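Raw target27.txt, compact mmCIF, N, CA and C atoms and all ligand atoms:
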```
# COMPACT_ATOMS: atom_id res chain seq x y z
N MET A 30 -47.39 -7.65 -48.00
CA MET A 30 -47.91 -7.77 -46.64
C MET A 30 -49.03 -6.73 -46.43
N SER A 31 -50.22 -7.17 -46.03
CA SER A 31 -51.27 -6.19 -45.77
C SER A 31 -51.10 -5.64 -44.34
N TYR A 32 -51.60 -4.44 -44.13
CA TYR A 32 -51.39 -3.77 -42.86
C TYR A 32 -52.26 -4.39 -41.76
N ASP A 33 -51.64 -4.72 -40.64
CA ASP A 33 -52.34 -5.29 -39.49
C ASP A 33 -52.61 -4.17 -38.49
N SER A 34 -53.85 -3.74 -38.40
CA SER A 34 -54.17 -2.58 -37.56
C SER A 34 -54.12 -2.90 -36.06
N ASN A 35 -53.80 -4.15 -35.72
CA ASN A 35 -53.63 -4.51 -34.31
C ASN A 35 -52.17 -4.56 -33.90
N ASN A 36 -51.25 -4.13 -34.79
CA ASN A 36 -49.84 -4.14 -34.39
C ASN A 36 -49.63 -3.12 -33.26
N ILE A 37 -48.54 -3.32 -32.52
CA ILE A 37 -48.32 -2.54 -31.29
C ILE A 37 -48.18 -1.03 -31.57
N PHE A 38 -47.59 -0.67 -32.70
CA PHE A 38 -47.43 0.77 -32.98
C PHE A 38 -48.76 1.39 -33.41
N ALA A 39 -49.62 0.62 -34.07
CA ALA A 39 -50.97 1.13 -34.38
C ALA A 39 -51.70 1.42 -33.07
N LYS A 40 -51.51 0.56 -32.07
CA LYS A 40 -52.17 0.77 -30.77
C LYS A 40 -51.60 2.00 -30.07
N ILE A 41 -50.28 2.20 -30.18
CA ILE A 41 -49.67 3.40 -29.60
C ILE A 41 -50.21 4.64 -30.31
N LEU A 42 -50.30 4.59 -31.65
CA LEU A 42 -50.80 5.74 -32.42
C LEU A 42 -52.25 6.06 -32.04
N ARG A 43 -53.04 5.05 -31.72
CA ARG A 43 -54.44 5.28 -31.32
C ARG A 43 -54.56 5.67 -29.84
N GLY A 44 -53.43 5.68 -29.12
CA GLY A 44 -53.45 6.05 -27.71
C GLY A 44 -53.91 4.93 -26.80
N GLU A 45 -53.94 3.70 -27.32
CA GLU A 45 -54.40 2.57 -26.50
C GLU A 45 -53.29 2.03 -25.61
N ILE A 46 -52.05 2.30 -26.00
CA ILE A 46 -50.87 1.87 -25.23
C ILE A 46 -50.00 3.11 -25.06
N PRO A 47 -49.46 3.33 -23.86
CA PRO A 47 -48.64 4.53 -23.66
C PRO A 47 -47.26 4.44 -24.31
N CYS A 48 -46.65 5.59 -24.52
CA CYS A 48 -45.27 5.63 -25.01
C CYS A 48 -44.61 6.86 -24.42
N LYS A 49 -43.28 6.87 -24.45
CA LYS A 49 -42.53 8.05 -23.99
C LYS A 49 -42.28 8.91 -25.22
N LYS A 50 -43.21 9.80 -25.47
CA LYS A 50 -43.20 10.60 -26.71
C LYS A 50 -42.09 11.64 -26.70
N VAL A 51 -41.39 11.78 -27.82
CA VAL A 51 -40.38 12.84 -27.93
C VAL A 51 -40.73 13.85 -29.00
N TYR A 52 -41.65 13.50 -29.91
CA TYR A 52 -41.98 14.41 -31.02
C TYR A 52 -43.31 13.99 -31.61
N GLU A 53 -44.09 15.00 -32.03
CA GLU A 53 -45.33 14.70 -32.77
C GLU A 53 -45.67 15.87 -33.67
N ASP A 54 -46.07 15.56 -34.90
CA ASP A 54 -46.71 16.56 -35.75
C ASP A 54 -47.85 15.87 -36.48
N SER A 55 -48.42 16.50 -37.49
CA SER A 55 -49.63 15.91 -38.10
C SER A 55 -49.34 14.61 -38.83
N HIS A 56 -48.11 14.37 -39.23
CA HIS A 56 -47.78 13.15 -39.99
C HIS A 56 -46.91 12.15 -39.23
N VAL A 57 -46.29 12.57 -38.14
CA VAL A 57 -45.21 11.78 -37.53
C VAL A 57 -45.37 11.71 -36.01
N LEU A 58 -45.06 10.52 -35.46
CA LEU A 58 -44.94 10.36 -34.00
C LEU A 58 -43.58 9.71 -33.73
N ALA A 59 -42.90 10.16 -32.68
CA ALA A 59 -41.62 9.56 -32.29
C ALA A 59 -41.62 9.35 -30.78
N PHE A 60 -41.05 8.21 -30.37
CA PHE A 60 -41.00 7.88 -28.94
C PHE A 60 -39.79 6.99 -28.67
N HIS A 61 -39.44 6.90 -27.39
CA HIS A 61 -38.29 6.08 -27.00
C HIS A 61 -38.61 4.60 -27.20
N ASP A 62 -37.62 3.86 -27.73
CA ASP A 62 -37.76 2.41 -27.83
C ASP A 62 -37.82 1.82 -26.42
N ILE A 63 -38.67 0.82 -26.25
CA ILE A 63 -38.86 0.22 -24.93
C ILE A 63 -37.63 -0.60 -24.51
N ALA A 64 -36.83 -1.04 -25.47
CA ALA A 64 -35.62 -1.84 -25.18
C ALA A 64 -34.43 -1.15 -25.84
N GLN A 65 -34.01 -0.05 -25.20
CA GLN A 65 -32.95 0.80 -25.75
C GLN A 65 -31.68 0.04 -26.09
N LYS A 66 -31.17 0.23 -27.32
CA LYS A 66 -29.93 -0.40 -27.75
C LYS A 66 -28.75 0.58 -27.75
N ALA A 67 -29.02 1.82 -27.37
CA ALA A 67 -27.99 2.87 -27.32
C ALA A 67 -28.50 3.94 -26.37
N PRO A 68 -27.62 4.84 -25.89
CA PRO A 68 -28.08 5.88 -24.97
C PRO A 68 -29.26 6.68 -25.53
N VAL A 69 -29.25 6.92 -26.84
CA VAL A 69 -30.43 7.50 -27.50
C VAL A 69 -30.95 6.44 -28.47
N HIS A 70 -32.18 6.02 -28.31
CA HIS A 70 -32.80 5.06 -29.23
C HIS A 70 -34.27 5.46 -29.36
N ILE A 71 -34.54 6.16 -30.43
CA ILE A 71 -35.88 6.73 -30.66
C ILE A 71 -36.47 6.10 -31.91
N LEU A 72 -37.75 5.77 -31.86
CA LEU A 72 -38.46 5.24 -33.01
C LEU A 72 -39.27 6.37 -33.64
N VAL A 73 -39.10 6.54 -34.94
CA VAL A 73 -39.77 7.64 -35.66
C VAL A 73 -40.68 7.00 -36.69
N LEU A 74 -41.98 7.27 -36.61
CA LEU A 74 -42.89 6.59 -37.53
C LEU A 74 -43.92 7.52 -38.14
N PRO A 75 -44.33 7.18 -39.36
CA PRO A 75 -45.43 7.94 -39.96
C PRO A 75 -46.73 7.55 -39.26
N LYS A 76 -47.65 8.49 -39.17
CA LYS A 76 -48.95 8.17 -38.55
C LYS A 76 -49.82 7.32 -39.47
N GLY A 77 -49.55 7.39 -40.76
CA GLY A 77 -50.33 6.60 -41.72
C GLY A 77 -50.02 5.12 -41.59
N ALA A 78 -50.97 4.31 -42.09
CA ALA A 78 -50.89 2.85 -41.95
C ALA A 78 -50.03 2.25 -43.07
N TYR A 79 -48.71 2.25 -42.85
CA TYR A 79 -47.77 1.70 -43.84
C TYR A 79 -46.94 0.61 -43.16
N THR A 80 -46.76 -0.51 -43.86
CA THR A 80 -46.05 -1.63 -43.24
C THR A 80 -44.54 -1.42 -43.21
N ASP A 81 -44.00 -0.89 -44.30
CA ASP A 81 -42.53 -0.79 -44.42
C ASP A 81 -42.18 0.25 -45.48
N MET A 82 -40.89 0.38 -45.76
CA MET A 82 -40.41 1.38 -46.73
C MET A 82 -41.04 1.19 -48.11
N ASP A 83 -41.17 -0.07 -48.51
CA ASP A 83 -41.73 -0.37 -49.83
C ASP A 83 -43.16 0.17 -49.92
N ASP A 84 -43.95 -0.17 -48.93
CA ASP A 84 -45.35 0.28 -48.88
C ASP A 84 -45.42 1.80 -48.81
N PHE A 85 -44.58 2.39 -47.96
CA PHE A 85 -44.59 3.85 -47.73
C PHE A 85 -44.28 4.61 -49.02
N THR A 86 -43.23 4.18 -49.71
CA THR A 86 -42.82 4.94 -50.90
C THR A 86 -43.78 4.70 -52.07
N LYS A 87 -44.55 3.62 -52.01
CA LYS A 87 -45.56 3.39 -53.06
C LYS A 87 -46.82 4.23 -52.81
N ARG A 88 -47.26 4.32 -51.54
CA ARG A 88 -48.60 4.84 -51.29
C ARG A 88 -48.65 6.20 -50.59
N ALA A 89 -47.57 6.59 -49.90
CA ALA A 89 -47.62 7.84 -49.13
C ALA A 89 -47.50 9.04 -50.06
N GLY A 90 -48.06 10.16 -49.61
CA GLY A 90 -47.92 11.41 -50.33
C GLY A 90 -46.55 12.02 -50.11
N ALA A 91 -46.16 12.91 -51.02
CA ALA A 91 -44.85 13.56 -50.89
C ALA A 91 -44.75 14.32 -49.57
N ASP A 92 -45.87 14.87 -49.11
CA ASP A 92 -45.85 15.61 -47.84
C ASP A 92 -45.55 14.67 -46.66
N GLU A 93 -46.09 13.47 -46.70
CA GLU A 93 -45.84 12.51 -45.61
C GLU A 93 -44.38 12.04 -45.63
N ILE A 94 -43.87 11.81 -46.83
CA ILE A 94 -42.48 11.33 -46.94
C ILE A 94 -41.52 12.43 -46.47
N ALA A 95 -41.76 13.66 -46.91
CA ALA A 95 -40.89 14.77 -46.47
C ALA A 95 -41.00 14.95 -44.96
N ALA A 96 -42.21 14.84 -44.43
CA ALA A 96 -42.40 15.07 -42.99
C ALA A 96 -41.63 14.04 -42.17
N LEU A 97 -41.62 12.79 -42.60
CA LEU A 97 -40.93 11.74 -41.84
C LEU A 97 -39.43 12.05 -41.76
N PHE A 98 -38.83 12.39 -42.90
CA PHE A 98 -37.37 12.59 -42.89
C PHE A 98 -37.00 13.93 -42.25
N ARG A 99 -37.84 14.95 -42.41
CA ARG A 99 -37.55 16.22 -41.72
C ARG A 99 -37.66 16.05 -40.22
N ALA A 100 -38.67 15.30 -39.78
CA ALA A 100 -38.84 15.06 -38.35
C ALA A 100 -37.65 14.29 -37.79
N LEU A 101 -37.22 13.27 -38.53
CA LEU A 101 -36.08 12.46 -38.08
C LEU A 101 -34.86 13.34 -37.80
N VAL A 102 -34.54 14.20 -38.75
CA VAL A 102 -33.34 15.05 -38.61
C VAL A 102 -33.54 16.07 -37.49
N GLN A 103 -34.76 16.59 -37.37
CA GLN A 103 -35.04 17.55 -36.29
C GLN A 103 -34.88 16.88 -34.92
N ILE A 104 -35.37 15.65 -34.81
CA ILE A 104 -35.26 14.91 -33.54
C ILE A 104 -33.78 14.64 -33.22
N ALA A 105 -33.00 14.32 -34.24
CA ALA A 105 -31.55 14.12 -34.03
C ALA A 105 -30.92 15.40 -33.49
N ARG A 106 -31.29 16.54 -34.08
CA ARG A 106 -30.76 17.83 -33.58
C ARG A 106 -31.22 18.09 -32.15
N ASP A 107 -32.52 17.86 -31.91
CA ASP A 107 -33.09 18.15 -30.57
C ASP A 107 -32.40 17.31 -29.50
N ASN A 108 -31.91 16.13 -29.89
CA ASN A 108 -31.23 15.25 -28.93
C ASN A 108 -29.72 15.37 -29.01
N LYS A 109 -29.26 16.45 -29.64
CA LYS A 109 -27.83 16.81 -29.71
C LYS A 109 -26.99 15.73 -30.38
N LEU A 110 -27.55 15.06 -31.37
CA LEU A 110 -26.81 14.02 -32.08
C LEU A 110 -26.16 14.56 -33.35
N ASP A 111 -26.51 15.76 -33.77
CA ASP A 111 -26.03 16.24 -35.07
C ASP A 111 -24.52 16.46 -35.09
N GLN A 112 -23.92 16.81 -33.95
CA GLN A 112 -22.47 17.01 -33.92
C GLN A 112 -21.73 15.67 -33.76
N SER A 113 -22.24 14.82 -32.90
CA SER A 113 -21.54 13.56 -32.59
C SER A 113 -21.83 12.46 -33.60
N GLY A 114 -22.93 12.56 -34.30
CA GLY A 114 -23.29 11.57 -35.30
C GLY A 114 -24.30 10.56 -34.78
N TYR A 115 -24.88 9.85 -35.68
CA TYR A 115 -25.94 8.90 -35.31
C TYR A 115 -26.15 7.90 -36.44
N ARG A 116 -27.01 6.92 -36.17
CA ARG A 116 -27.34 5.89 -37.15
C ARG A 116 -28.86 5.82 -37.30
N VAL A 117 -29.30 5.61 -38.54
CA VAL A 117 -30.73 5.44 -38.82
C VAL A 117 -30.90 4.07 -39.46
N ILE A 118 -31.80 3.27 -38.88
CA ILE A 118 -32.05 1.92 -39.40
C ILE A 118 -33.55 1.74 -39.60
N SER A 119 -33.92 1.11 -40.70
CA SER A 119 -35.30 0.66 -40.85
C SER A 119 -35.27 -0.81 -41.26
N ASN A 120 -35.69 -1.67 -40.37
CA ASN A 120 -35.75 -3.09 -40.66
C ASN A 120 -37.00 -3.36 -41.50
N CYS A 121 -36.82 -4.01 -42.63
CA CYS A 121 -37.95 -4.28 -43.53
C CYS A 121 -38.06 -5.77 -43.80
N GLY A 122 -39.20 -6.33 -43.49
CA GLY A 122 -39.50 -7.70 -43.85
C GLY A 122 -38.68 -8.74 -43.09
N ILE A 123 -38.73 -9.95 -43.60
CA ILE A 123 -38.16 -11.10 -42.88
C ILE A 123 -36.64 -10.97 -42.77
N ASN A 124 -35.95 -10.79 -43.88
CA ASN A 124 -34.49 -10.71 -43.81
C ASN A 124 -34.01 -9.47 -43.07
N GLY A 125 -34.82 -8.42 -43.08
CA GLY A 125 -34.46 -7.21 -42.34
C GLY A 125 -34.68 -7.36 -40.85
N GLY A 126 -35.37 -8.41 -40.44
CA GLY A 126 -35.61 -8.64 -39.01
C GLY A 126 -36.70 -7.75 -38.43
N GLN A 127 -37.62 -7.30 -39.27
CA GLN A 127 -38.69 -6.42 -38.79
C GLN A 127 -39.64 -7.18 -37.87
N GLU A 128 -39.83 -6.63 -36.65
CA GLU A 128 -40.73 -7.26 -35.68
C GLU A 128 -42.11 -6.63 -35.68
N VAL A 129 -42.14 -5.32 -35.81
CA VAL A 129 -43.43 -4.62 -35.75
C VAL A 129 -43.78 -4.14 -37.16
N PRO A 130 -44.92 -4.61 -37.71
CA PRO A 130 -45.23 -4.33 -39.11
C PRO A 130 -45.91 -2.98 -39.35
N HIS A 131 -45.35 -1.93 -38.74
CA HIS A 131 -45.71 -0.54 -39.06
C HIS A 131 -44.38 0.17 -39.27
N LEU A 132 -44.20 0.79 -40.45
CA LEU A 132 -42.91 1.41 -40.77
C LEU A 132 -42.38 2.27 -39.62
N HIS A 133 -41.12 2.08 -39.29
CA HIS A 133 -40.48 2.92 -38.27
C HIS A 133 -38.99 3.02 -38.57
N LEU A 134 -38.44 4.15 -38.22
CA LEU A 134 -37.01 4.39 -38.33
C LEU A 134 -36.44 4.36 -36.92
N HIS A 135 -35.37 3.58 -36.73
CA HIS A 135 -34.65 3.61 -35.45
C HIS A 135 -33.61 4.71 -35.54
N LEU A 136 -33.64 5.66 -34.64
CA LEU A 136 -32.61 6.70 -34.53
C LEU A 136 -31.76 6.34 -33.31
N LEU A 137 -30.48 6.06 -33.58
CA LEU A 137 -29.58 5.57 -32.53
C LEU A 137 -28.37 6.48 -32.41
N GLY A 138 -27.96 6.77 -31.18
CA GLY A 138 -26.77 7.60 -30.99
C GLY A 138 -26.42 7.72 -29.52
N GLY A 139 -25.50 8.64 -29.24
CA GLY A 139 -25.09 8.88 -27.86
C GLY A 139 -23.84 8.14 -27.47
N LYS A 140 -23.33 7.30 -28.36
CA LYS A 140 -22.05 6.62 -28.14
C LYS A 140 -21.56 6.14 -29.51
N THR A 141 -20.30 5.69 -29.58
CA THR A 141 -19.81 5.08 -30.81
C THR A 141 -20.55 3.77 -31.01
N LEU A 142 -21.17 3.61 -32.14
CA LEU A 142 -22.08 2.48 -32.33
C LEU A 142 -21.42 1.22 -32.86
N GLY A 143 -20.17 1.33 -33.31
CA GLY A 143 -19.46 0.12 -33.74
C GLY A 143 -19.91 -0.35 -35.11
N ARG A 144 -19.69 -1.63 -35.35
CA ARG A 144 -19.98 -2.19 -36.67
C ARG A 144 -21.47 -2.08 -36.99
N MET A 145 -21.75 -1.92 -38.28
CA MET A 145 -23.14 -1.76 -38.67
C MET A 145 -23.91 -3.07 -38.54
N ILE A 146 -23.26 -4.17 -38.91
CA ILE A 146 -23.92 -5.48 -38.86
C ILE A 146 -22.96 -6.46 -38.20
N SER A 147 -23.47 -7.22 -37.20
CA SER A 147 -22.60 -8.21 -36.58
C SER A 147 -22.40 -9.37 -37.53
N ALA A 148 -21.23 -9.94 -37.52
CA ALA A 148 -20.91 -11.01 -38.49
C ALA A 148 -21.67 -12.28 -38.16
P1 LIG A 201 -38.14 -3.80 -35.49
O1 LIG A 201 -37.43 -5.07 -35.17
O2 LIG A 201 -39.57 -4.04 -35.95
O3 LIG A 201 -37.36 -2.92 -36.42
O4 LIG A 201 -38.18 -2.98 -34.15
C1 LIG A 201 -39.25 -2.95 -33.28
C2 LIG A 201 -38.81 -2.16 -32.07
O5 LIG A 201 -39.96 -1.83 -31.33
C3 LIG A 201 -37.87 -2.93 -31.14
O6 LIG A 201 -36.65 -2.20 -31.01
C4 LIG A 201 -38.64 -3.00 -29.82
O7 LIG A 201 -37.83 -2.85 -28.69
C5 LIG A 201 -39.64 -1.88 -29.96
N1 LIG A 201 -40.91 -2.08 -29.26
C6 LIG A 201 -41.66 -3.21 -29.28
N2 LIG A 201 -42.77 -3.03 -28.54
C7 LIG A 201 -42.71 -1.76 -28.05
C8 LIG A 201 -43.59 -1.00 -27.23
O8 LIG A 201 -44.64 -1.44 -26.78
N3 LIG A 201 -43.20 0.28 -26.95
C9 LIG A 201 -42.03 0.81 -27.42
N4 LIG A 201 -41.75 2.07 -27.08
N5 LIG A 201 -41.19 0.11 -28.21
C10 LIG A 201 -41.53 -1.16 -28.53
```

Give the structure from this file in structure tokens form.
Amino acid sequence: MSYDSNNIFAKILRGEIPCKKVYEDSHVLAFHDIAQKAPVHILVLPKGAYTDMDDFTKRAGADEIAALFRALVQIARDNKLDQSGYRVISNCGINGGQEVPHLHLHLLGGKTLGRMISA
């Protein structure tokens, strides 16, 4: 899949569409999901133009990969999820149910989340 620079997260990264930002550094932006599925539902994404995990791990630098996962864990701590626990999901491609073709991690928590996948 080639990167579509008109996807909604690319527009958020360019500042063309607003978001409720919770974290930003030189490689990473994180903001609240517009359709929260849990009391805490934050999207954590690399600023680089990567479609999904496959693309990211092929083309991103080690610094970008480390930054994404360090930011994710820091955001979990900042939102007091480290004691109670949380879930991280990245939907990739058609079977993964990915809607927005810019890599993002869903950070979910704030309640018991139940089964990982509905039957
Ligand atoms: P996916 O299915 O691609 O893993 O998840 C895309 C997520 O992006 C969904 O949870 C959806 O609610 C969220 N989303 C879609 N459009 C927007 C938007 O304009 N702003 C924000 N903050 N979230 C969005």

Inset, instruction - Using only N, CA and C atoms and all ligand atoms, find each residue with an atom at most 6.5 Å away from ligand LIG 201 (chain A) and format the answer as a PyMOL selection string. - result: chain A and resi 37+47-49+60-65+119-121+126-130

Legend entry - Every residue of chain A that DSSP places in helix (DSSP H, G or I), as a PyMOL selection string: chain A and resi 37-42+82-88+91-107+122-125

Within 12 Å of (-52.6, -2.5, -31.1) (coordinates as in the file), grab all the protein and nucleic acid residues, counting only C-alpha atoms, and write them out as a compact mmCIF listing (two decimals) with N, CA and C atoms, in the coordinates of the input.
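Now in point-v3.txt:
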```txt
# COMPACT_ATOMS: atom_id res chain seq x y z
N TYR A 32 -51.60 -4.44 -44.13
CA TYR A 32 -51.39 -3.77 -42.86
C TYR A 32 -52.26 -4.39 -41.76
N ASP A 33 -51.64 -4.72 -40.64
CA ASP A 33 -52.34 -5.29 -39.49
C ASP A 33 -52.61 -4.17 -38.49
N SER A 34 -53.85 -3.74 -38.40
CA SER A 34 -54.17 -2.58 -37.56
C SER A 34 -54.12 -2.90 -36.06
N ASN A 35 -53.80 -4.15 -35.72
CA ASN A 35 -53.63 -4.51 -34.31
C ASN A 35 -52.17 -4.56 -33.90
N ASN A 36 -51.25 -4.13 -34.79
CA ASN A 36 -49.84 -4.14 -34.39
C ASN A 36 -49.63 -3.12 -33.26
N ILE A 37 -48.54 -3.32 -32.52
CA ILE A 37 -48.32 -2.54 -31.29
C ILE A 37 -48.18 -1.03 -31.57
N PHE A 38 -47.59 -0.67 -32.70
CA PHE A 38 -47.43 0.77 -32.98
C PHE A 38 -48.76 1.39 -33.41
N ALA A 39 -49.62 0.62 -34.07
CA ALA A 39 -50.97 1.13 -34.38
C ALA A 39 -51.70 1.42 -33.07
N LYS A 40 -51.51 0.56 -32.07
CA LYS A 40 -52.17 0.77 -30.77
C LYS A 40 -51.60 2.00 -30.07
N ILE A 41 -50.28 2.20 -30.18
CA ILE A 41 -49.67 3.40 -29.60
C ILE A 41 -50.21 4.64 -30.31
N LEU A 42 -50.30 4.59 -31.65
CA LEU A 42 -50.80 5.74 -32.42
C LEU A 42 -52.25 6.06 -32.04
N ARG A 43 -53.04 5.05 -31.72
CA ARG A 43 -54.44 5.28 -31.32
C ARG A 43 -54.56 5.67 -29.84
N GLY A 44 -53.43 5.68 -29.12
CA GLY A 44 -53.45 6.05 -27.71
C GLY A 44 -53.91 4.93 -26.80
N GLU A 45 -53.94 3.70 -27.32
CA GLU A 45 -54.40 2.57 -26.50
C GLU A 45 -53.29 2.03 -25.61
N ILE A 46 -52.05 2.30 -26.00
CA ILE A 46 -50.87 1.87 -25.23
C ILE A 46 -50.00 3.11 -25.06
N PRO A 47 -49.46 3.33 -23.86
CA PRO A 47 -48.64 4.53 -23.66
C PRO A 47 -47.26 4.44 -24.31
N VAL A 129 -42.14 -5.32 -35.81
CA VAL A 129 -43.43 -4.62 -35.75
C VAL A 129 -43.78 -4.14 -37.16
N PRO A 130 -44.92 -4.61 -37.71
CA PRO A 130 -45.23 -4.33 -39.11
C PRO A 130 -45.91 -2.98 -39.35
N HIS A 131 -45.35 -1.93 -38.74
CA HIS A 131 -45.71 -0.54 -39.06
C HIS A 131 -44.38 0.17 -39.27
```

Inset, instruction - For atom C of A:Gly114 and atom N of A:Gly139, determine how far apart the two atoms are, in Å to one decimal place. - result: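 We find that atom C of A:Gly114 and atom N of A:Gly139 lie 6.0 Å from each other.
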
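When atom CA of A:Asp111 is paired with atom CA of A:Ser55, their separation reads 23.8 Å.
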
Inset, instruction - State, in Å with one decimal place, the distance from atom CA of A:Val73 to atom CA of A:Asn124. - result: 20.8 Å

Inset, instruction - For A:His135, work out the shell of residues within 6 Å, counting all atoms listed in the file and skipping chain neighbours fewer than 5 positions away, then give it as a PyMOL selection string. - result: chain A and resi 71-73+116-119

Inset, instruction - Choose the residue, out of A:Ile94, A:Ala59, A:Leu110, A:Ala78, that has the smallest atom-to-atom separation from A:Leu132; count all atoms listed in the file. - result: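 That would be A:Ala78, the residue with the smallest distance to A:Leu132.
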
Inset, instruction - Might you pull out every residue within 9 Å of A:Gly138, with only C-alpha atoms counted and same-chain residues fewer than 2 positions away left off, and present them as an MDAnalysis selection string? - result: chainID A and resid 67:70 105 110 113:116 136 140:142

Inset, instruction - Have a look at A:Gly122, A:Met30, A:Thr80, A:Pro75 and name the one nearest to A:Glu93; count all atoms listed in the file. - result: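 Among A:Gly122, A:Met30, A:Thr80, A:Pro75, it is A:Pro75 that comes nearest to A:Glu93.
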
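Nearest residue to A:Val51, choosing from A:Phe85, A:Ile104, A:Ala91, A:Ser147 and counting only N, CA and C atoms: A:Ile104.
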